[in-house]
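Asker: Before I ask anything, here is the structure I am working with.
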Number of protein chains: 2
Amino acid sequence: MVRSVGTPTKGNSLDIEIESKGTSRRRSRPPRRRRQEILEAAAGVFHEKGYKATSIQDIADAVGILKGSLYYYITSKEDLLFEILQDVHRQGLQNLERIEATSGTPMQKIRAFVTIHVTHNAENLVKMAVFFHDFRSLSPDRREIIVAERDLYDLHLRNLLVEGQKDGSVCPDLDPKLTAIEILGMMNWIYHWYRPDGGLSMSELAATMADFVVAGLACDPATHTPGHRRNFAPMPTVPPPRIDPNADEDDD
Amino acid sequence: MVRSVGTPTKGNSLDIEIESKGTSRRRSRPPRRRRQEILEAAAGVFHEKGYKATSIQDIADAVGILKGSLYYYITSKEDLLFEILQDVHRQGLQNLERIEATSGTPMQKIRAFVTIHVTHNAENLVKMAVFFHDFRSLSPDRREIIVAERDLYDLHLRNLLVEGQKDGSVCPDLDPKLTAIEILGMMNWIYHWYRPDGGLSMSELAATMADFVVAGLACDPATHTPGHRRNFAPMPTVPPPRIDPNADEDDD
DNA sequence: GTCTATACTACGATAGAC
DNA sequence: GTCTATCGTAGTATAGAC
């Protein structure tokens, strides 16, 4: 639908118009403020109902205009989702930079990592919920863009764990890859339950999680013996599952 | 469209037929095996595409029949989801019984709890994924039935933590409620990444997670001083977020 | 910039033949 | 028990009036 370049039009030079209206007000681009409002409204509805279950009508209702009018601002429902996810994506990458710029012992860096990532999750509850719940609704190429960030986080934490093992502060029995994903899972679960108005501040949440992670990783090299974790409070005997009348055997 | 009762038909007596085929084989009830097959197929498709994004057509394709035929076995798409979730629901409640019947120190019980719950998650990856992703698509009363189990798990773990604090094996600085949910989050995240064919056995996964949890909770009463966790490997200074040109302030 | 109206498609579910 | 055919609804997106 782009007008072909060769076609002569009444004006000379190129089709791109330069500000011509004299004042500093911009022309032709829809107002950013309104667009941002729509993004936030859509994020809220996506959060409540899920992306797929949300109709354009729902979003229009939330904004307070009719659904036809929405298309003045957006071009498709998926574009909306993508832009919302790009918001947290940008912030996430920025946080990674901050973490990388932090100095201290490896264990201190791990504490910083957890604190920052938890805070990020708690500060962007709605968008993070939409991200974890609905990023699979993006087209494959767009999904790739957004999800790559997750792998970066994983890799970065893993590297910190290895550093910690090198200086002896992190238990050498731990598998860095598996441990990193355990920790990330704990942090990423936040959106399921945390509510900022629930009497638990974000900073207290972040600090508590960091405490737990640090305690779970730590190991005194002086007293370390291989397998000490597995042998501490060892697994007791558990009654076997009773035979279930409804049991058709499981897949998965 | 039900034939009116008063209308005379060629037979006498009522329309309801009693078993007349002689042998012990049941009539009129659709075969259980086929129904189970449909349930499993549906779970698989729900897992891949999400409940809302899955059409009856998709499920019929997966089973290998036409969508009209599906309605011989099911009465609605939501019924299908409900039955799938009831499967894990039943198993989950049964596991709670097993955990309750376990004896040992509180910390050993905690290890048993984590091991059983992680194993449950890993053995039912598909259904657990559908559960966490789509239980909100159930009607409110059905949702209540299924979700109540989650609260039971939470409560049970919380009680174990309190027990552990009483006998001194769990750090007294921990908030049982918050800690329980941290641990559950780590376990429930499994469906996002674990694949049974990935070289990590379920029992190894479960044991490793239990190790991490136990290490994260443990505390030596002899050396405990309030706040020691927070002060260990203390938070370093982190560079502030740089000012972002794209930053329209956040909601959430 | 917001509205009304509508084209087009997909889905869930039912009816009834075989 | 599986099929074909279809009804009714709801959703995305567009066209064009104001």
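How things are named: the first chain in the structure tokens is A, the next is B, and so on; residues count from 1 in each chain; ligands count from 1 in the order shown.
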Please check the contacts: residues of chain B at most 8 Å away from chain D, using only C-alpha atoms (C1' of nucleotides), listed as a PyMOL selection string.
Answerer: chain B and resi 65-66+68-69+72
Asker: Would you give me, as a list in words, the residues of chain A that come within 6 Å of chain B, using only C-alpha atoms?
Answerer: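 Taking only C-alpha atoms into account, Arg98, Thr102, Met107, Gln108, Asn124, Leu125, Val126, Glu182, Gly185, Met186, Trp189, Asp211, Phe212, Ala215, Gly216, Arg229, Arg230, Ala233, Met235, Val238, Pro239 and Asp252 of chain A sit within 6 Å of chain B.
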Asker: Let me see the file: selected residues, N, CA, C and O atoms, as a compact mmCIF listing (two decimals), in the first residue's frame.
Answerer:
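So the final result, stored in again.txt, reads:
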```
# COMPACT_ATOMS: atom_id res chain seq x y z
N ARG A 98 22.72 -3.24 34.86
CA ARG A 98 22.99 -2.79 36.24
C ARG A 98 23.66 -3.90 37.04
O ARG A 98 24.57 -3.67 37.82
N THR A 102 27.66 -4.22 38.83
CA THR A 102 27.78 -4.29 40.29
C THR A 102 29.09 -4.96 40.69
O THR A 102 29.51 -5.93 40.06
N MET A 107 29.07 -13.90 45.89
CA MET A 107 27.84 -14.07 46.66
C MET A 107 27.08 -12.76 46.80
O MET A 107 25.85 -12.74 46.77
N GLN A 108 27.80 -11.68 46.92
CA GLN A 108 27.14 -10.38 46.98
C GLN A 108 26.47 -10.04 45.65
O GLN A 108 25.39 -9.47 45.61
N ASN A 124 6.45 -4.82 38.18
CA ASN A 124 5.76 -4.97 36.88
C ASN A 124 4.87 -6.19 36.87
O ASN A 124 4.82 -6.94 35.89
N LEU A 125 4.15 -6.37 37.97
CA LEU A 125 3.34 -7.58 38.16
C LEU A 125 2.45 -7.88 36.97
O LEU A 125 2.44 -9.01 36.46
N VAL A 126 1.72 -6.87 36.53
CA VAL A 126 0.74 -7.12 35.47
C VAL A 126 1.45 -7.54 34.19
O VAL A 126 1.10 -8.55 33.57
N GLU A 182 16.22 -23.25 39.31
CA GLU A 182 15.43 -23.34 40.55
C GLU A 182 15.19 -21.95 41.13
O GLU A 182 14.07 -21.59 41.50
N GLY A 185 12.89 -19.86 39.00
CA GLY A 185 11.51 -20.28 39.16
C GLY A 185 10.88 -19.67 40.39
O GLY A 185 9.76 -19.14 40.34
N MET A 186 11.60 -19.70 41.46
CA MET A 186 11.10 -19.11 42.71
C MET A 186 10.77 -17.64 42.50
O MET A 186 9.73 -17.15 42.94
N TRP A 189 7.75 -16.92 39.99
CA TRP A 189 6.43 -17.33 40.46
C TRP A 189 5.67 -16.19 41.12
O TRP A 189 4.44 -16.23 41.28
N ASP A 211 17.83 -13.53 50.90
CA ASP A 211 18.30 -14.26 52.09
C ASP A 211 18.20 -15.77 51.87
O ASP A 211 19.13 -16.52 52.15
N PHE A 212 17.04 -16.16 51.39
CA PHE A 212 16.80 -17.60 51.21
C PHE A 212 17.77 -18.20 50.19
O PHE A 212 18.33 -19.28 50.40
N ALA A 215 21.36 -18.32 51.61
CA ALA A 215 21.47 -19.40 52.59
C ALA A 215 21.47 -20.76 51.90
O ALA A 215 22.19 -21.68 52.32
N GLY A 216 20.67 -20.89 50.86
CA GLY A 216 20.58 -22.18 50.17
C GLY A 216 21.83 -22.53 49.39
O GLY A 216 22.11 -23.71 49.15
N ARG A 229 24.82 -32.23 51.76
CA ARG A 229 23.45 -31.73 51.65
C ARG A 229 22.44 -32.87 51.60
O ARG A 229 21.40 -32.83 52.25
N ARG A 230 22.77 -33.85 50.81
CA ARG A 230 21.84 -34.98 50.63
C ARG A 230 21.68 -35.75 51.94
O ARG A 230 20.62 -36.31 52.21
N ALA A 233 19.37 -34.24 57.29
CA ALA A 233 17.91 -34.50 57.41
C ALA A 233 17.48 -35.43 56.28
O ALA A 233 16.68 -35.04 55.42
N MET A 235 16.06 -38.30 53.69
CA MET A 235 14.70 -38.64 53.27
C MET A 235 14.15 -39.77 54.15
O MET A 235 14.77 -40.82 54.28
N VAL A 238 8.37 -43.08 53.15
CA VAL A 238 7.05 -42.51 52.89
C VAL A 238 6.11 -43.64 52.49
O VAL A 238 6.52 -44.52 51.73
N PRO A 239 4.88 -43.63 53.00
CA PRO A 239 3.92 -44.68 52.58
C PRO A 239 3.73 -44.64 51.08
O PRO A 239 3.68 -43.57 50.47
N ASP A 252 2.11 -38.16 29.97
CA ASP A 252 2.99 -37.03 30.29
C ASP A 252 4.47 -37.40 30.28
O ASP A 252 4.85 -38.49 29.97
```
Asker: Taking only C-alpha atoms (C1' of nucleotides) into account and nothing else, which residues of chain C lie no more than 10 Å away from chain B? Please answer as a PyMOL selection string.
Answerer: chain C and resi 10-15
Asker: Pull C-alpha atoms (C1' of nucleotides) from the residues just selected and write them as a PDB file, in the first residue's frame.
Answerer:
```pdb
ATOM      1  C1'  DA C  10     -13.964 -19.229  13.093  1.00  0.00           C
ATOM      2  C1'  DC C  11     -15.884 -21.559  16.645  1.00  0.00           C
ATOM      3  C1'  DG C  12     -19.105 -24.417  19.822  1.00  0.00           C
ATOM      4  C1'  DA C  13     -22.694 -27.144  19.657  1.00  0.00           C
ATOM      5  C1'  DT C  14     -26.828 -29.778  17.696  1.00  0.00           C
ATOM      6  C1'  DA C  15     -29.606 -32.655  14.364  1.00  0.00           C
TER       7       DA C  15
END
```
Asker: Just give me the gap between CA of Phe82 in chain A and CA of Pro31 in chain A in Å, one decimal is fine.
Answerer: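 Computed distance, CA of Phe82 in chain A to CA of Pro31 in chain A, equals 19.3 Å.
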Asker: Could you give me the residues within range 32-211 of chain A that DSSP places in alpha helix (DSSP H), as a PyMOL selection string?
Answerer: chain A and resi 32-49+56-63+67-70+77-100+106-123+125-134+140-166+176-188+202-211
Asker: One decimal, in Å: what's the spacing between CA of Ala148 in chain B and CA of Val45 in chain B?
Answerer: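 Result for CA of Ala148 in chain B versus CA of Val45 in chain B: 25.4 Å, one decimal.
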